[in-house]
>>> print(open('structure32.cif').read())   # mmCIF, C-alpha atoms and all ligand atoms
data_query
#
loop_
_atom_site.label_atom_id
_atom_site.label_comp_id
_atom_site.auth_asym_id
_atom_site.auth_seq_id
_atom_site.Cartn_x
_atom_site.Cartn_y
_atom_site.Cartn_z
CA MET A 1 -13.22 -5.56 -5.19
CA ASN A 2 -10.28 -7.75 -4.17
CA PRO A 3 -6.58 -6.99 -4.84
CA GLU A 4 -6.43 -9.25 -7.88
CA GLY A 5 -8.85 -7.12 -9.82
CA ILE A 6 -7.60 -3.61 -9.26
CA LYS A 7 -4.40 -1.53 -9.23
CA PHE A 8 -3.72 2.04 -8.15
CA ILE A 9 -1.37 4.91 -8.72
CA ALA A 10 -1.25 7.54 -5.97
CA ASP A 11 -0.05 11.10 -6.53
CA GLU A 12 2.72 12.70 -4.48
CA MET A 13 0.33 13.97 -1.79
CA LEU A 14 -0.92 10.48 -0.98
CA GLY A 15 2.14 8.55 0.17
CA LYS A 16 0.55 7.40 3.43
CA LEU A 17 -2.61 6.30 1.70
CA ALA A 18 -0.48 4.30 -0.74
CA LYS A 19 1.09 2.43 2.20
CA TRP A 20 -2.31 1.64 3.63
CA LEU A 21 -3.48 0.22 0.33
CA ARG A 22 -0.33 -1.90 0.11
CA THR A 23 -1.04 -3.12 3.64
CA LEU A 24 -4.33 -4.46 2.34
CA GLY A 25 -2.50 -6.11 -0.55
CA TYR A 26 -3.37 -3.67 -3.31
CA ASP A 27 -0.76 -3.01 -5.98
CA THR A 28 -0.23 0.74 -5.54
CA THR A 29 2.40 2.76 -7.34
CA TYR A 30 3.43 5.91 -5.49
CA TYR A 31 4.24 8.54 -8.08
CA ARG A 32 6.19 11.40 -6.57
CA ASP A 33 8.77 12.70 -8.92
CA GLY A 34 7.39 13.74 -12.21
CA ALA A 35 4.77 15.65 -14.11
CA ASP A 36 1.06 14.87 -14.01
CA SER A 37 1.24 13.78 -17.63
CA GLY A 38 3.68 11.03 -16.65
CA LEU A 39 1.34 9.82 -13.94
CA VAL A 40 -1.59 9.73 -16.34
CA GLN A 41 0.55 7.84 -18.87
CA ILE A 42 1.48 5.12 -16.35
CA ALA A 43 -2.15 4.84 -15.27
CA LEU A 44 -3.21 4.24 -18.88
CA VAL A 45 -0.44 1.78 -19.79
CA GLU A 46 -0.69 -0.24 -16.55
CA ASN A 47 -4.44 0.11 -16.18
CA ARG A 48 -4.26 1.78 -12.78
CA ILE A 49 -6.86 3.86 -11.01
CA ILE A 50 -5.50 7.33 -10.24
CA LEU A 51 -5.81 8.54 -6.66
CA THR A 52 -5.30 12.25 -6.36
CA ARG A 53 -6.08 15.33 -4.29
CA ASP A 54 -5.76 17.52 -7.38
CA ILE A 55 -8.96 18.45 -9.21
CA ARG A 56 -6.96 19.61 -12.26
CA LEU A 57 -5.57 16.12 -12.66
CA VAL A 58 -9.04 14.60 -12.52
CA GLU A 59 -10.13 16.95 -15.29
CA ARG A 60 -7.43 15.79 -17.70
CA LYS A 61 -8.94 14.07 -20.69
CA LEU A 62 -6.74 10.98 -20.53
CA ALA A 63 -7.23 10.51 -16.80
CA ARG A 64 -10.12 8.13 -17.27
CA ASN A 65 -10.13 6.21 -14.02
CA CYS A 66 -9.78 8.65 -11.16
CA VAL A 67 -10.79 8.96 -7.58
CA LEU A 68 -10.61 12.49 -6.22
CA ILE A 69 -9.59 12.13 -2.58
CA LYS A 70 -11.49 14.68 -0.50
CA SER A 71 -9.74 14.83 2.84
CA ASP A 72 -6.23 15.75 4.02
CA ASN A 73 -6.58 13.22 6.81
CA VAL A 74 -5.20 9.79 5.99
CA TRP A 75 -7.89 7.95 7.94
CA GLU A 76 -10.64 9.75 6.07
CA GLN A 77 -8.84 9.15 2.77
CA PHE A 78 -8.61 5.48 3.58
CA GLU A 79 -12.27 5.28 4.54
CA GLN A 80 -13.31 7.07 1.37
CA ILE A 81 -11.46 4.73 -0.94
CA VAL A 82 -12.49 1.56 0.89
CA ARG A 83 -16.13 2.63 0.80
CA GLU A 84 -16.26 3.97 -2.76
CA LEU A 85 -14.52 0.99 -4.33
CA ASP A 86 -15.77 -1.60 -1.86
CA LEU A 87 -12.22 -2.77 -1.12
CA ASP A 88 -11.46 -6.04 0.59
CA THR A 89 -9.75 -5.09 3.87
CA LYS A 90 -9.12 -8.61 5.20
CA SER A 91 -8.18 -11.42 2.87
CA HIS A 92 -4.88 -10.08 1.48
CA LEU A 93 -3.48 -8.27 4.52
CA PHE A 94 0.33 -8.18 4.62
CA THR A 95 0.88 -9.78 1.24
CA ARG A 96 2.76 -6.84 -0.23
CA CYS A 97 5.82 -4.83 0.81
CA LEU A 98 4.80 -1.40 2.07
CA ILE A 99 7.98 0.15 0.75
CA CYS A 100 8.56 -1.53 -2.63
CA ASN A 101 5.00 -2.55 -3.52
CA LYS A 102 6.26 -6.06 -4.34
CA GLU A 103 4.44 -9.23 -3.35
CA LEU A 104 5.88 -10.97 -0.28
CA LYS A 105 7.08 -14.57 -0.06
CA LEU A 106 6.31 -16.85 2.86
CA VAL A 107 9.58 -17.89 4.55
CA GLU A 108 10.50 -20.56 7.11
CA LYS A 109 10.39 -19.42 10.72
CA GLU A 110 13.96 -20.59 11.29
CA TYR A 111 15.13 -18.24 8.56
CA VAL A 112 14.06 -15.09 10.42
CA ARG A 113 15.46 -16.01 13.86
CA ASP A 114 18.13 -13.29 13.74
CA LEU A 115 16.12 -10.88 11.65
CA VAL A 116 13.20 -10.07 13.96
CA PRO A 117 12.96 -9.07 17.63
CA PRO A 118 13.04 -12.10 20.00
CA TYR A 119 9.52 -11.43 21.27
CA VAL A 120 8.16 -11.45 17.75
CA TYR A 121 10.03 -14.64 16.97
CA GLN A 122 8.54 -16.34 20.02
CA THR A 123 4.98 -15.21 19.50
CA GLN A 124 4.55 -15.37 15.72
CA ASN A 125 4.64 -18.32 13.36
CA GLU A 126 4.15 -16.85 9.95
CA PHE A 127 6.79 -14.67 8.37
CA TYR A 128 7.05 -13.07 4.97
CA LYS A 129 9.96 -11.55 3.15
CA CYS A 130 10.19 -8.92 0.47
CA LEU A 131 12.60 -10.24 -2.15
CA GLU A 132 13.22 -6.70 -3.34
CA CYS A 133 14.36 -4.96 -0.14
CA GLY A 134 14.70 -7.88 2.31
CA ARG A 135 12.24 -6.56 4.92
CA ILE A 136 10.52 -9.19 7.06
CA TYR A 137 6.81 -8.95 7.81
CA TRP A 138 4.48 -10.90 10.06
CA PRO A 139 0.71 -10.72 10.40
CA GLY A 140 -0.61 -8.28 12.96
CA THR A 141 -3.08 -9.90 15.30
CA HIS A 142 -4.91 -6.63 15.86
CA LYS A 143 -5.00 -3.10 14.62
CA ASP A 144 -2.46 -1.79 17.15
CA SER A 145 0.41 -3.74 15.71
CA MET A 146 -0.56 -2.63 12.23
CA LEU A 147 -0.52 0.99 13.36
CA GLU A 148 2.81 0.58 15.05
CA LEU A 149 4.30 -0.86 11.90
CA LEU A 150 3.02 1.99 9.80
CA ASN A 151 4.25 4.58 12.31
CA ASN A 152 7.70 3.05 12.24
CA LEU A 153 7.74 3.07 8.49
CA ASP A 154 6.84 6.73 8.47
CA LYS A 155 9.82 7.49 10.66
CA GLU A 156 12.13 5.71 8.27
CA THR A 157 11.09 7.58 5.18
ZN ZN B 1 10.32 -4.38 -0.10
#
>>> encode(input="structure32.cif", output="structure tokens")
Amino acid sequence: MNPEGIKFIADEMLGKLAKWLRTLGYDTTYYRDGADSGLVQIALVENRIILTRDIRLVERKLARNCVLIKSDNVWEQFEQIVRELDLDTKSHLFTRCLICNKELKLVEKEYVRDLVPPYVYQTQNEFYKCLECGRIYWPGTHKDSMLELLNNLDKET
């Protein structure tokens, strides 16, 4: 299932998983300050699949589209969801802001000269900007850079 066909809402215990899904390009709302009923309501109105660690939430009558996440470990959570929903992990990488969940816009290289580290500027050619928060993103060439980015984001929040 590619990111055009599916949207998520993650409960408050799944903030890291939400970032991973955004990394893949999936529209993922992170719901962390409110009652379960509010989460279920958003899921219904916006047609989002609920991701939760809470069995009681899954058992709610209106929570129609749910995935009960089994593990506490973010890697295992990620594996579970990718496998169960057959998610596309390649074609929409880095198309969405990890913080705001907004789609990114391709920007001219010249534009980011003073906004990214010099090494990145020299070695990368494609840059994307979040119009919501202004963060600049560039495609990771391998998993390490993706991990580094996510680690840094965790420190910020
Ligand atoms: Zn943003």
>>> residues_around(input="structure32.cif", residues="stretch 113-116 of chain A", least_positions_apart="5", cutoff="9 Å", atoms="all atoms listed in the file", output="PyMOL selection string")
chain A and resi 121+135-137
>>> residues_near_ligand(input="structure32.cif", ligand="ligand ZN 1 (chain B)", cutoff="10 Å", atoms="only C-alpha atoms and all ligand atoms", output="list in words")
Arg96, Cys97, Leu98, Ile99, Cys100, Asn101, Lys102, Glu103, Leu104, Lys129, Cys130, Leu131, Glu132, Cys133, Gly134, Arg135, Ile136 and Tyr137 of chain A
>>> atom_distance(input="structure32.cif", atom1="atom CA of A:Lys7", atom2="atom CA of A:Leu62")
17.0 Å
>>> atom_distance(input="structure32.cif", atom1="atom CA of A:Asp36", atom2="atom CA of A:Val58")
10.2 Å
>>> atom_distance(input="structure32.cif", atom1="atom CA of A:Ala43", atom2="atom CA of A:His92")
22.6 Å
>>> closest_residue(input="structure32.cif", among="A:Ala10, A:Trp20, A:Gly38, A:Asp27", to="A:Val82", atoms="all atoms listed in the file")
A:Trp20
>>> residues_near_point(input="structure32.cif", point="(6.6, -20.2, 17.6)", cutoff="12 Å", atoms="all atoms listed in the file", output="compact mmCIF listing (two decimals) with C-alpha atoms, in the frame of the given file")
# COMPACT_ATOMS: atom_id res chain seq x y z
CA GLU A 108 10.50 -20.56 7.11
CA LYS A 109 10.39 -19.42 10.72
CA GLU A 110 13.96 -20.59 11.29
CA VAL A 112 14.06 -15.09 10.42
CA ARG A 113 15.46 -16.01 13.86
CA PRO A 118 13.04 -12.10 20.00
CA TYR A 119 9.52 -11.43 21.27
CA VAL A 120 8.16 -11.45 17.75
CA TYR A 121 10.03 -14.64 16.97
CA GLN A 122 8.54 -16.34 20.02
CA THR A 123 4.98 -15.21 19.50
CA GLN A 124 4.55 -15.37 15.72
CA ASN A 125 4.64 -18.32 13.36
CA GLU A 126 4.15 -16.85 9.95
CA PHE A 127 6.79 -14.67 8.37
>>> closest_residue(input="structure32.cif", among="A:Ile69, A:Leu93, A:Ile50, A:Val107", to="A:Pro3", atoms="only C-alpha atoms")
A:Leu93
>>> build_atoms(input="structure32.cif", residues="stretch 57-82 of chain A", atoms="N, CA and C atoms", output="CSV table (one decimal), keeping the file's coordinate frame")
chain,number,residue,atom,x,y,z
A,57,LEU,N,-6.0,17.4,-12.1
A,57,LEU,CA,-5.6,16.1,-12.7
A,57,LEU,C,-6.8,15.3,-13.1
A,58,VAL,N,-7.8,15.3,-12.2
A,58,VAL,CA,-9.0,14.6,-12.5
A,58,VAL,C,-9.7,15.1,-13.8
A,59,GLU,N,-9.5,16.4,-14.1
A,59,GLU,CA,-10.1,17.0,-15.3
A,59,GLU,C,-9.4,16.7,-16.6
A,60,ARG,N,-8.2,16.1,-16.5
A,60,ARG,CA,-7.4,15.8,-17.7
A,60,ARG,C,-8.2,14.7,-18.5
A,61,LYS,N,-8.2,14.9,-19.8
A,61,LYS,CA,-8.9,14.1,-20.7
A,61,LYS,C,-8.5,12.6,-20.6
A,62,LEU,N,-7.2,12.4,-20.5
A,62,LEU,CA,-6.7,11.0,-20.5
A,62,LEU,C,-6.8,10.3,-19.2
A,63,ALA,N,-7.1,11.1,-18.1
A,63,ALA,CA,-7.2,10.5,-16.8
A,63,ALA,C,-8.6,9.9,-16.6
A,64,ARG,N,-8.8,8.7,-17.2
A,64,ARG,CA,-10.1,8.1,-17.3
A,64,ARG,C,-10.6,7.6,-15.9
A,65,ASN,N,-9.7,6.8,-15.3
A,65,ASN,CA,-10.1,6.2,-14.0
A,65,ASN,C,-9.5,6.9,-12.8
A,66,CYS,N,-10.3,7.8,-12.2
A,66,CYS,CA,-9.8,8.6,-11.2
A,66,CYS,C,-10.7,8.6,-9.9
A,67,VAL,N,-10.0,8.7,-8.8
A,67,VAL,CA,-10.8,9.0,-7.6
A,67,VAL,C,-10.2,10.2,-7.0
A,68,LEU,N,-11.0,11.3,-6.9
A,68,LEU,CA,-10.6,12.5,-6.2
A,68,LEU,C,-10.7,12.3,-4.7
A,69,ILE,N,-9.6,12.3,-4.0
A,69,ILE,CA,-9.6,12.1,-2.6
A,69,ILE,C,-9.9,13.5,-1.9
A,70,LYS,N,-10.9,13.4,-1.0
A,70,LYS,CA,-11.5,14.7,-0.5
A,70,LYS,C,-10.7,15.2,0.7
A,71,SER,N,-10.3,14.4,1.6
A,71,SER,CA,-9.7,14.8,2.8
A,71,SER,C,-8.2,14.9,2.8
A,72,ASP,N,-7.7,15.7,3.8
A,72,ASP,CA,-6.2,15.8,4.0
A,72,ASP,C,-5.8,14.7,5.0
A,73,ASN,N,-6.8,14.2,5.7
A,73,ASN,CA,-6.6,13.2,6.8
A,73,ASN,C,-6.5,11.8,6.3
A,74,VAL,N,-5.4,11.1,6.6
A,74,VAL,CA,-5.2,9.8,6.0
A,74,VAL,C,-6.3,8.8,6.3
A,75,TRP,N,-6.8,8.9,7.6
A,75,TRP,CA,-7.9,8.0,7.9
A,75,TRP,C,-9.1,8.2,7.1
A,76,GLU,N,-9.5,9.4,6.9
A,76,GLU,CA,-10.6,9.8,6.1
A,76,GLU,C,-10.4,9.4,4.6
A,77,GLN,N,-9.2,9.6,4.2
A,77,GLN,CA,-8.8,9.2,2.8
A,77,GLN,C,-9.0,7.6,2.6
A,78,PHE,N,-8.5,6.9,3.6
A,78,PHE,CA,-8.6,5.5,3.6
A,78,PHE,C,-10.1,5.0,3.6
A,79,GLU,N,-10.8,5.6,4.5
A,79,GLU,CA,-12.3,5.3,4.5
A,79,GLU,C,-13.0,5.6,3.2
A,80,GLN,N,-12.7,6.7,2.6
A,80,GLN,CA,-13.3,7.1,1.4
A,80,GLN,C,-13.1,6.0,0.3
A,81,ILE,N,-11.8,5.6,0.2
A,81,ILE,CA,-11.5,4.7,-0.9
A,81,ILE,C,-12.0,3.3,-0.7
A,82,VAL,N,-12.0,2.9,0.6
A,82,VAL,CA,-12.5,1.6,0.9
A,82,VAL,C,-14.0,1.5,0.6
